[in-house]
There are 2 protein chains.
Amino acid sequence: MAETRQEPLFERVAIVGVGLIGSSIAHAVRRGGLAGRIVATDASPEVRARVAELGLADEIVETAAEAAEEADLVIVCTPIGASGAVAAEIGPNLKPGAILTDVGSVKGAVIREMGPHVPAHAHFVPAHPIAGTEHSGPDAGFAELFDGRWAIVVSESGTDAEAAAKVRALWEGMGAKVDTMTSEHHDLVFAIVSHVPHLIAYNIVGTAADLEDVTQSEVIKYSASGFRDFTRIAASDPTMWRDVFLNNRDAVLQMLGRFTEDLTALQRAIRWGEGDKLFELFTRTRAIRRGIIEQGQDTAAPDFGRRATPQTKS
Amino acid sequence: MAETRQEPLFERVAIVGVGLIGSSIAHAVRRGGLAGRIVATDASPEVRARVAELGLADEIVETAAEAAEEADLVIVCTPIGASGAVAAEIGPNLKPGAILTDVGSVKGAVIREMGPHVPAHAHFVPAHPIAGTEHSGPDAGFAELFDGRWAIVVSESGTDAEAAAKVRALWEGMGAKVDTMTSEHHDLVFAIVSHVPHLIAYNIVGTAADLEDVTQSEVIKYSASGFRDFTRIAASDPTMWRDVFLNNRDAVLQMLGRFTEDLTALQRAIRWGEGDKLFELFTRTRAIRRGIIEQGQDTAAPDFGRRATPQTKS
Ligand SMILES: NC(=O)c1ccc[n+]([C@@H]2O[C@H](COP(=O)([O-])OP(=O)(O)OC[C@H]3O[C@@H](n4cnc5c(N)ncnc54)[C@H](OP(=O)(O)O)[C@@H]3O)[C@@H](O)[C@H]2O)c1
Ligand SMILES: NC(=O)c1ccc[n+]([C@@H]2O[C@H](COP(=O)([O-])OP(=O)(O)OC[C@H]3O[C@@H](n4cnc5c(N)ncnc54)[C@H](OP(=O)(O)O)[C@@H]3O)[C@@H](O)[C@H]2O)c1
């Protein structure tokens with residue numbers, strides 16, 4: 001997708017937290033020739049050792065503070081719950097003109113937590129790639145993860161235009177399409193397209209696991225009839241998702257309120273045998289599916305257009 | 001999977017309703033050499049014409065009553081809502097020893113509707129294959145649909161053992177694995193593994209479509225972050241699913257009650273910032289996913305182990 005360029009976009013890029021997203025960024029930055037040098041760090045010594053084995057970075061350091069030193073760009077790829085502490089640690093080490101960015105799935109809370117630690121001489125441009133798998137850790141990453149996917153770059157009233165343009169170029173260089181929006185709007189959009197869907201997937205899998213009349217082995221055996229897709233979503237990383245719900249509380253509760261209101265109406269239609277109401281909804285929802293297929297966000301084929309993750313993990 | 005046998009299992013097989021399931025049965029019965037002759041009918045003249053074009057049956061007739069005449073096995077593959085009327089029409093034409101079966105996704109209501117029309121000299125053995133796609137109609141069917149999938153054959157106190165064994169052999173001959181259970185248990189199991197998951201998928205897609213703060217085009221654009229899987233489920237056939245909810249009302253409402261109870265607790269945990277409760281549930285749900293992968297009901301690979309539908313539809 002992105003061609004290797006003559007001049008790297010950034011001289012020194014620091015990646016803090018080398019899990020699925022951090023390691024995919026390491027692969028994609030290298031593929032795109034976007035950095036003169038990649039420095040990586042992670043809280044876990046095992047992850048650091050694995051990053052070295054996989055050769056994901058030019059330099060591996062023990063602390064985020066060290067990684068940030070002299071960096072032109074610092075990308076924080078830890079779970080959201082750690083981002084405030086990471087910003088506090090690296091803030092004092094950010095050099096003049098340095099850009100700090102992140103990849104967190106929630107933006108308002110991350111800005112509240114990280115923003116205050118960014119010195120006036122540096123720039124903070126939060127971002128969020130709309131790409132992922134249900135796997136975690138440095139072995140899960142691959143260069144193609146962001147190809148053709150959207151990345152949101154947050155733009156608020158105080159955002160530095162030049163820094164925002166560089167973060168935009170970074171994501172384009174990693175193969176993504178970029179959109180810009182405020183953090184508030186971001187959190188509302190992703191509450192409905194991502195956070196609430198994950199919550200209800202976790203919830204129904206939990207409900208099914210707790211039944212007395214239907215055994216867990218029956219649930220597993222007959223999962224192909226609809227349940228299976230929910231279990232895949234509900235196998236996503238618990239730490240990441242706990243942090244999402246704790247940090248996007250208001251938007252999630254607002255969208256969840258709408259969801260349960262609509263579900264109550266549907267429940268009533270079933271109770272009273274109102275077939276027309278059911279039919280009307282079940283027909284209306286097909287239009288959204290058609291839109292998704294037309295926009296190439298999915299295909300009608302049985303593999304659903306998902307790209308293959310390389311099976312060899314190096 | 002199934003080998004072509006010397007002696008067909010049934011001399012004359014009638015298929016009533018040649019949509020996705022009916023046409024897949026036609027393909028699979030032929031592949032398995034399970035019928036001496038396949039007679040097909042459908043309420044719609046267009047479908048009958050298409051069945052002729054596709055060469056799915058040896059004989060195409062205009063009415064279910066005609067199809068049932070002299071048949072050794074009649075398989076009703078219409079939507080559930082039509083099954084009572086179809087049974088009333090064919091009942092008088094069933095010959096002594098004939099077996100009547102169906103494929104409906106709900107069993108209790110189908111038995112209540114169809115059962116009374118089956119003459120004492122014939123046998124009624126309801127069934128339900130756990131296989132499908134989100135497509136409908138005679139072009140959507142293919143012989144491999146049931147390969148390696150489960151088929152439930154209903155067994156109640158009055159079920160004729162010999163007839164049940166033949167229906168079991170039919171499904172095995174079409175490549176399926178067969179399980180036996182009562183209609184009551186069936187309807188409870190599929191309420192949780194299939195019906196409620198479809199209902200909440202339809203519901204959230206409807207909720208998203210109705211929002212004022214988030215546009216429909218944003219929902220479509222960013223669907224890859226979780227929502228997309230729900231839209232696929234919510235693109236399933238409206239008639240089929242209306243009939244499922246109208247006909248499995250009690251079990252669906254019971255399971256929906258459990259679901260909303262659990263969701264309310266989760267909502268409260270988010271409101272009060274109880275991260276431990278969220279983390280505990282998000283961890284627990286992974287065990288079910290592991291079970292599904294271990295039992296070969298899905299794979300960890302990105303195409304989710306779904307078999308390819310033949311792209312050529314003949
Ligand atoms: N996964 C997705 O689908 C997806 C998509 C878009 C955005 N995101 C966002 O991406 C971020 C990372 O997600 P991920 O899926 O890459 O998670 P992940 O695979 O679990 O990786 C996170 C890494 O950060 C490390 N870490 C935790 N605390 C740290 C700290 N204080 N300092 C340095 N490293 C630390 C973790 O080490 P330990 O394992 O030892 O804790 C782990 O190696 C999250 O903010 C998430 O919201 C994820
Ligand atoms: N699709 C699945 O995933 C799935 C899985 C397991 C079981 N099932 C069950 O299989 C059954 C059929 O589903 P399907 O997906 O095959 O539906 P489908 O593709 O819509 O096919 C149903 C066919 O039956 C015809 N029909 C309707 N009323 C009829 C009548 N009174 N007499 C004769 N033909 C009639 C329809 O014609 P018109 O189109 O003109 O109405 C249509 O051609 C349902 O009971 C469903 O619960 C479905």
# chains A, B, ... in the order shown; residues from 1 in each chain; ligands from 1
>>> residues_near_ligand(ligand="ligand 1", cutoff="7 Å", atoms="only C-alpha atoms and all ligand atoms", output="mmCIF file with C-alpha atoms, in the first residue's frame")
data_model
loop_
_atom_site.group_PDB
_atom_site.id
_atom_site.type_symbol
_atom_site.label_atom_id
_atom_site.label_comp_id
_atom_site.auth_asym_id
_atom_site.auth_seq_id
_atom_site.Cartn_x
_atom_site.Cartn_y
_atom_site.Cartn_z
ATOM 1 C CA VAL A 16 5.435 2.451 24.487
ATOM 2 C CA GLY A 17 3.602 -0.858 25.011
ATOM 3 C CA VAL A 18 4.300 -3.470 22.347
ATOM 4 C CA GLY A 19 1.146 -5.570 22.271
ATOM 5 C CA LEU A 20 -1.063 -6.250 19.250
ATOM 6 C CA ILE A 21 -1.292 -2.602 18.227
ATOM 7 C CA GLY A 22 2.246 -1.561 19.243
ATOM 8 C CA THR A 41 9.584 -0.300 25.572
ATOM 9 C CA ASP A 42 7.019 -2.278 27.521
ATOM 10 C CA ALA A 43 6.224 -2.625 31.214
ATOM 11 C CA SER A 44 6.738 -6.380 30.989
ATOM 12 C CA VAL A 47 7.387 -8.650 26.283
ATOM 13 C CA ALA A 64 8.938 4.852 28.908
ATOM 14 C CA CYS A 77 0.046 1.711 22.879
ATOM 15 C CA THR A 78 -0.644 0.518 26.426
ATOM 16 C CA PRO A 79 -4.140 -0.249 27.708
ATOM 17 C CA ILE A 80 -6.071 2.982 28.294
ATOM 18 C CA ALA A 82 -2.116 2.997 31.983
ATOM 19 C CA SER A 83 -1.997 5.993 29.648
ATOM 20 C CA ALA A 85 0.728 7.188 34.312
ATOM 21 C CA VAL A 86 2.742 6.727 31.119
ATOM 22 C CA VAL A 103 -4.037 4.522 19.925
ATOM 23 C CA GLY A 104 -6.620 4.195 22.698
ATOM 24 C CA SER A 105 -10.160 3.113 21.845
ATOM 25 C CA VAL A 106 -11.566 5.948 24.014
ATOM 26 C CA HIS A 128 -7.384 5.590 17.223
ATOM 27 C CA PRO A 129 -6.929 2.980 14.495
ATOM 28 C CA ILE A 130 -10.121 1.080 13.654
ATOM 29 C CA ALA A 131 -8.394 -2.250 13.253
ATOM 30 C CA GLY A 132 -7.668 -5.130 15.544
ATOM 31 C CA THR A 133 -8.071 -8.811 16.124
ATOM 32 C CA GLU A 134 -9.124 -10.689 19.231
ATOM 33 C CA SER A 136 -3.007 -9.675 22.120
ATOM 34 C CA GLY A 137 0.715 -9.392 22.680
ATOM 35 C CA PRO A 138 3.775 -8.744 20.503
ATOM 36 C CA ASP A 237 -8.827 -8.880 25.770
ATOM 37 C CA MET A 240 -8.520 -3.560 27.237
ATOM 38 C CA VAL A 244 -12.866 0.966 27.606
#
>>> residues_around(residues="Ile15 (chain B)", least_positions_apart="3", cutoff="12 Å", atoms="only C-alpha atoms", output="PyMOL selection string")
chain B and resi 12+18-19+21-27+29+35+37-43+48+51+56-69+71-78+86+90+100-103+138
>>> write_last_selection(atoms="C-alpha atoms", output="CSV table (one decimal), in the first residue's frame")
chain,number,residue,atom,x,y,z
B,12,ARG,CA,-40.1,-41.1,-3.6
B,18,VAL,CA,-37.6,-25.0,-2.2
B,19,GLY,CA,-35.7,-22.1,-0.6
B,21,ILE,CA,-32.9,-25.3,3.0
B,22,GLY,CA,-35.2,-27.1,0.5
B,23,SER,CA,-32.8,-26.7,-2.4
B,24,SER,CA,-29.8,-27.7,-0.2
B,25,ILE,CA,-31.7,-30.9,0.7
B,26,ALA,CA,-32.4,-31.5,-3.0
B,27,HIS,CA,-28.7,-31.2,-3.7
B,29,VAL,CA,-30.2,-36.1,-1.3
B,35,ALA,CA,-34.0,-41.0,-3.1
B,37,ARG,CA,-37.1,-39.8,-7.3
B,38,ILE,CA,-37.3,-36.2,-6.0
B,39,VAL,CA,-40.6,-34.4,-6.4
B,40,ALA,CA,-40.6,-30.7,-5.5
B,41,THR,CA,-43.2,-28.0,-5.0
B,42,ASP,CA,-43.3,-24.4,-3.9
B,43,ALA,CA,-46.0,-21.8,-3.4
B,48,ARG,CA,-40.9,-23.6,-9.3
B,51,VAL,CA,-36.2,-25.1,-9.6
B,56,LEU,CA,-33.1,-29.6,-8.7
B,57,ALA,CA,-35.9,-32.2,-8.9
B,58,ASP,CA,-37.1,-35.0,-11.1
B,59,GLU,CA,-40.6,-33.7,-11.1
B,60,ILE,CA,-42.1,-30.3,-10.2
B,61,VAL,CA,-45.7,-30.1,-9.2
B,62,GLU,CA,-48.0,-27.2,-8.4
B,63,THR,CA,-49.4,-28.1,-5.0
B,64,ALA,CA,-48.1,-29.7,-1.8
B,65,ALA,CA,-51.1,-32.1,-1.9
B,66,GLU,CA,-49.9,-33.4,-5.3
B,67,ALA,CA,-46.3,-33.7,-4.1
B,68,ALA,CA,-47.3,-35.7,-1.1
B,69,GLU,CA,-49.2,-38.3,-3.1
B,71,ALA,CA,-44.4,-40.1,-1.4
B,72,ASP,CA,-42.4,-42.2,1.1
B,73,LEU,CA,-41.0,-39.1,2.7
B,74,VAL,CA,-42.3,-35.5,2.7
B,75,ILE,CA,-40.0,-32.8,3.9
B,76,VAL,CA,-41.7,-29.5,4.6
B,77,CYS,CA,-39.1,-26.6,4.1
B,78,THR,CA,-41.5,-23.6,4.1
B,86,VAL,CA,-49.2,-27.2,4.5
B,90,ILE,CA,-51.0,-32.8,2.5
B,100,LEU,CA,-43.6,-36.5,7.3
B,101,THR,CA,-40.8,-34.4,8.5
B,102,ASP,CA,-39.8,-30.7,8.5
B,103,VAL,CA,-36.8,-28.4,9.1
B,138,PRO,CA,-33.5,-21.9,-4.5
>>> closest_atom_pairs(of="chain A", to="ligand 2", cutoff="12 Å", atoms="only C-alpha atoms and all ligand atoms", output="tab-separated table")
residue	atom	partner	partner_atom_place_in_ligand_line	distance
A:Tyr222	CA	ligand 2	6 (C)	11.7
A:Ala224	CA	ligand 2	3 (O)	10.1
A:Ser225	CA	ligand 2	3 (O)	7.6
A:Gly226	CA	ligand 2	3 (O)	9.3
>>> atom_distance(atom1="CA of Phe146 (chain B)", atom2="CA of Val178 (chain B)")
10.7 Å
>>> residues_around(residues="Asp160 (chain B)", least_positions_apart="4", cutoff="10 Å", atoms="only C-alpha atoms", output="PyMOL selection string")
chain B and resi 99+122-125+155-156+164-165
>>> atom_distance(atom1="CA of Val252 (chain A)", atom2="CA of Ile200 (chain A)")
11.4 Å
>>> select_by_dssp(residues="region 64-185 of chain B", states="strand (DSSP E or B)", output="ChimeraX atom specification")
/B:73-76,99-102,123-124,127-129,150-154,177-181
>>> interface_residues(of="chain B", to="chain A", cutoff="7 Å", atoms="only C-alpha atoms", output="number ranges by chain")
B: 130-131, 189, 192-194, 197-198, 202-208, 214, 219-220, 222-227, 229, 231-232, 234-235, 238-239, 242, 245-246, 249, 258-259, 262-263, 270-271, 273, 275, 278-279, 281-283, 285-286, 288-289, 291-292, 297, 302-303, 306, 308-309
>>> atom_distance(atom1="CA of Pro116 (chain A)", atom2="CA of Ala14 (chain A)")
20.0 Å
>>> select_by_dssp(residues="region 6-163 of chain B", states="alpha helix (DSSP H)", output="ChimeraX atom specification")
/B:20-32,45-54,64-68,83-90,108-114,161-163
